[in-house]
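Below is one structure, written out as structure tokens; comments come after it.
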Amino acid sequence: MRALDPSAWRGRDVLLVAPHPDDEAIGAGATAHLAARAGARVVPVICTTGDGGVGADGARGEDRQAESRRACSLLGIGEPVFLGLSSPDLRDDPAAGARTLAAGVGRERFDVVLAPWPLERHDTHRASLLAAAWSGAARPGAEWLGWGVWDAIPAFEDVAEVDATAG
């Protein structure tokens, strides 16, 4: 496994794609923090509202979005862009999610894309990767990096790890 140093992204535009509010912090928070601290501009995009699915009574989207804003602030990255999709809608039609993501970032294009890795077992995570890939938000030749939440990423030759204690 190789080491990845996000400080190499100084002066670059980084798109952090998160399926739900909290994935921006859990999935790639340390990487995004280190990149931003080194001078990269990190734009977190949260695909779904985050309603339900957490705790016995579910979670309210407004509460999860407030937590996401706070997490992004603590990480020192940009204010999150909330696309407001439902998880079922994103899973059922990632192409529509791509159009929503493209509208959410406007004409911005990114040098680096941090998105869920393709073998995540969570359907909404995989759909958010498809939405990112189909959105046209990445510049030609952009660097794409996957992160995992639900499963450990095996140590393939092309897998890199970030030293989250570096700083």
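Here's how to read the names in the structure tokens: chain A, B, ... by the order shown, residue numbers from 1 in each chain, ligand numbers from 1 in the order shown.
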Requested in this report: Considering only C-alpha atoms, return as a list in words whatever protein or nucleic-acid residues lie within 9 Å of Ala30 of chain A, sequence-local ones (same chain, fewer than 3 positions apart) excluded.
Outcome: Ala25, Ile26, Gly27, His33, Leu34, Ala35, Leu75, Val162, Asp163, Ala164 and Thr165 of chain A
Those same residues - N, CA, C and O atoms - I'd like them written as an mmCIF file, in the first residue's frame.
data_model
loop_
_atom_site.group_PDB
_atom_site.id
_atom_site.type_symbol
_atom_site.label_atom_id
_atom_site.label_comp_id
_atom_site.auth_asym_id
_atom_site.auth_seq_id
_atom_site.Cartn_x
_atom_site.Cartn_y
_atom_site.Cartn_z
ATOM 1 N N ALA A 25 -17.429 13.490 7.016
ATOM 2 C CA ALA A 25 -16.493 13.434 8.137
ATOM 3 C C ALA A 25 -15.984 12.011 8.369
ATOM 4 O O ALA A 25 -14.777 11.791 8.522
ATOM 5 N N ILE A 26 -16.886 11.045 8.349
ATOM 6 C CA ILE A 26 -16.503 9.661 8.630
ATOM 7 C C ILE A 26 -15.665 9.078 7.499
ATOM 8 O O ILE A 26 -14.669 8.409 7.733
ATOM 9 N N GLY A 27 -16.057 9.345 6.262
ATOM 10 C CA GLY A 27 -15.402 8.710 5.128
ATOM 11 C C GLY A 27 -14.092 9.343 4.707
ATOM 12 O O GLY A 27 -13.132 8.650 4.409
ATOM 13 N N HIS A 33 -9.500 17.489 5.618
ATOM 14 C CA HIS A 33 -8.901 18.434 6.563
ATOM 15 C C HIS A 33 -7.441 18.724 6.208
ATOM 16 O O HIS A 33 -7.018 19.880 6.154
ATOM 17 N N LEU A 34 -6.672 17.662 5.964
ATOM 18 C CA LEU A 34 -5.256 17.842 5.643
ATOM 19 C C LEU A 34 -5.080 18.590 4.319
ATOM 20 O O LEU A 34 -4.182 19.425 4.188
ATOM 21 N N ALA A 35 -5.940 18.314 3.355
ATOM 22 C CA ALA A 35 -5.869 19.029 2.072
ATOM 23 C C ALA A 35 -6.170 20.512 2.263
ATOM 24 O O ALA A 35 -5.456 21.378 1.757
ATOM 25 N N LEU A 75 -13.549 20.651 10.564
ATOM 26 C CA LEU A 75 -12.524 20.105 9.673
ATOM 27 C C LEU A 75 -11.796 21.192 8.891
ATOM 28 O O LEU A 75 -10.771 20.926 8.270
ATOM 29 N N VAL A 162 -3.894 7.473 3.987
ATOM 30 C CA VAL A 162 -3.516 8.791 4.462
ATOM 31 C C VAL A 162 -3.189 8.676 5.945
ATOM 32 O O VAL A 162 -3.966 8.089 6.700
ATOM 33 N N ASP A 163 -2.078 9.244 6.345
ATOM 34 C CA ASP A 163 -1.712 9.279 7.752
ATOM 35 C C ASP A 163 -2.535 10.380 8.409
ATOM 36 O O ASP A 163 -2.197 11.562 8.307
ATOM 37 N N ALA A 164 -3.622 9.991 9.052
ATOM 38 C CA ALA A 164 -4.535 10.958 9.669
ATOM 39 C C ALA A 164 -3.927 11.596 10.913
ATOM 40 O O ALA A 164 -4.466 12.570 11.417
ATOM 41 N N THR A 165 -2.821 11.093 11.376
ATOM 42 C CA THR A 165 -2.166 11.697 12.545
ATOM 43 C C THR A 165 -1.152 12.751 12.126
ATOM 44 O O THR A 165 -0.539 13.383 12.983
#
Requested in this report: Step one, run DSSP on the backbone; step two, keep only residues of segment 24-153 of chain A assigned to strand (DSSP E); then write them as a ChimeraX atom specification.
Outcome: /A:41-48,81-85,110-116,138-147
Requested in this report: Could you give me, as a ChimeraX atom specification, the residues within 9 Å of Ser7 of chain A, counting only C-alpha atoms and dropping anything in the same chain fewer than 3 positions from it?
Outcome: /A:4,10,34-40
Filtering to C-alpha atoms, could you give me those residues as a short mmCIF file (atom, residue, chain, number, x, y, z; two decimals), in the first residue's frame?
data_model
loop_
_atom_site.label_atom_id
_atom_site.label_comp_id
_atom_site.auth_asym_id
_atom_site.auth_seq_id
_atom_site.Cartn_x
_atom_site.Cartn_y
_atom_site.Cartn_z
CA LEU A 4 -1.06 9.53 0.06
CA ARG A 10 -2.20 22.79 -2.37
CA LEU A 34 -5.26 17.84 5.64
CA ALA A 35 -5.87 19.03 2.07
CA ALA A 36 -7.62 22.21 3.22
CA ARG A 37 -4.98 22.92 5.82
CA ALA A 38 -2.34 22.66 3.08
CA GLY A 39 -4.18 25.20 0.91
CA ALA A 40 -6.58 23.16 -1.22
#
Report task. Mind checking which residues fall within 8 Å of segment 65-67 of chain A, counting only C-alpha atoms, ignoring those fewer than 2 positions away in the same chain, and posting them as an NGL selection string? Result -> :A and (21-22 or 49-50 or 61-63 or 69-71 or 82)
Report task. For Ala103 of chain A, please output as a PyMOL selection string all residues within 10 Å (counting only C-alpha atoms; exclusion window: fewer than 6 positions along the same chain). Result -> chain A and resi 83+97+135+137
Query raised in the report: Between A:Asp5, A:Glu161, A:Asp13, A:Glu24, which is the closest to Ser73 of chain A once you count only C-alpha atoms?
Result: A:Glu24
Report task. Find the residues around Gly84 of chain A up to 8 Å (only C-alpha atoms counted), leave out those fewer than 5 positions away in its own chain, and share them as a list in words. Result ->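 My reading of the contact set: Ile46, Cys47, Thr48 and Thr49 of chain A.
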Include all heavy atoms and write out the residues we just selected as a PDB file, in the first residue's frame.
ATOM      1  N   ILE A  46     -23.154  17.015  -0.198  1.00  0.00           N
ATOM      2  CA  ILE A  46     -23.900  15.981   0.509  1.00  0.00           C
ATOM      3  C   ILE A  46     -25.116  15.634  -0.345  1.00  0.00           C
ATOM      4  O   ILE A  46     -25.984  16.491  -0.567  1.00  0.00           O
ATOM      5  CB  ILE A  46     -24.354  16.463   1.906  1.00  0.00           C
ATOM      6  CG1 ILE A  46     -23.240  17.218   2.653  1.00  0.00           C
ATOM      7  CG2 ILE A  46     -24.917  15.299   2.708  1.00  0.00           C
ATOM      8  CD1 ILE A  46     -21.994  16.460   2.936  1.00  0.00           C
ATOM      9  N   CYS A  47     -25.179  14.417  -0.825  1.00  0.00           N
ATOM     10  CA  CYS A  47     -26.192  14.040  -1.814  1.00  0.00           C
ATOM     11  C   CYS A  47     -27.601  13.941  -1.249  1.00  0.00           C
ATOM     12  O   CYS A  47     -28.545  14.426  -1.865  1.00  0.00           O
ATOM     13  CB  CYS A  47     -25.810  12.715  -2.468  1.00  0.00           C
ATOM     14  SG  CYS A  47     -24.293  12.813  -3.448  1.00  0.00           S
ATOM     15  N   THR A  48     -27.768  13.297  -0.095  1.00  0.00           N
ATOM     16  CA  THR A  48     -29.119  13.039   0.409  1.00  0.00           C
ATOM     17  C   THR A  48     -29.416  13.843   1.660  1.00  0.00           C
ATOM     18  O   THR A  48     -28.523  14.393   2.300  1.00  0.00           O
ATOM     19  CB  THR A  48     -29.332  11.539   0.708  1.00  0.00           C
ATOM     20  OG1 THR A  48     -28.524  11.167   1.828  1.00  0.00           O
ATOM     21  CG2 THR A  48     -28.998  10.673  -0.506  1.00  0.00           C
ATOM     22  N   THR A  49     -30.688  13.867   2.025  1.00  0.00           N
ATOM     23  CA  THR A  49     -31.125  14.645   3.183  1.00  0.00           C
ATOM     24  C   THR A  49     -30.698  14.024   4.500  1.00  0.00           C
ATOM     25  O   THR A  49     -30.565  14.729   5.492  1.00  0.00           O
ATOM     26  CB  THR A  49     -32.659  14.783   3.203  1.00  0.00           C
ATOM     27  OG1 THR A  49     -33.229  13.474   3.282  1.00  0.00           O
ATOM     28  CG2 THR A  49     -33.162  15.518   1.977  1.00  0.00           C
TER      29      THR A  49
END
**Report entry** Exercise: Ala132 of chain A partners within 9 Å, only C-alpha atoms, chain neighbours under 5 positions left out, as a ChimeraX atom specification
**Finding:** /A:17,94,97-98,101-102,113,115,127,137-138
Query - Every residue of segment 5-159 of chain A that DSSP places in alpha helix (DSSP H), as a PyMOL selection string - result: chain A and resi 23-26+29-38+61-75+87-92+94-105+123-135
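The spacing separating atom CA of Val159 of chain A from atom CA of Ala142 of chain A amounts to 17.0 Å.
If you look at atom CA of Gly104 of chain A and atom CA of Asp89 of chain A, they are 16.5 Å away from each other.
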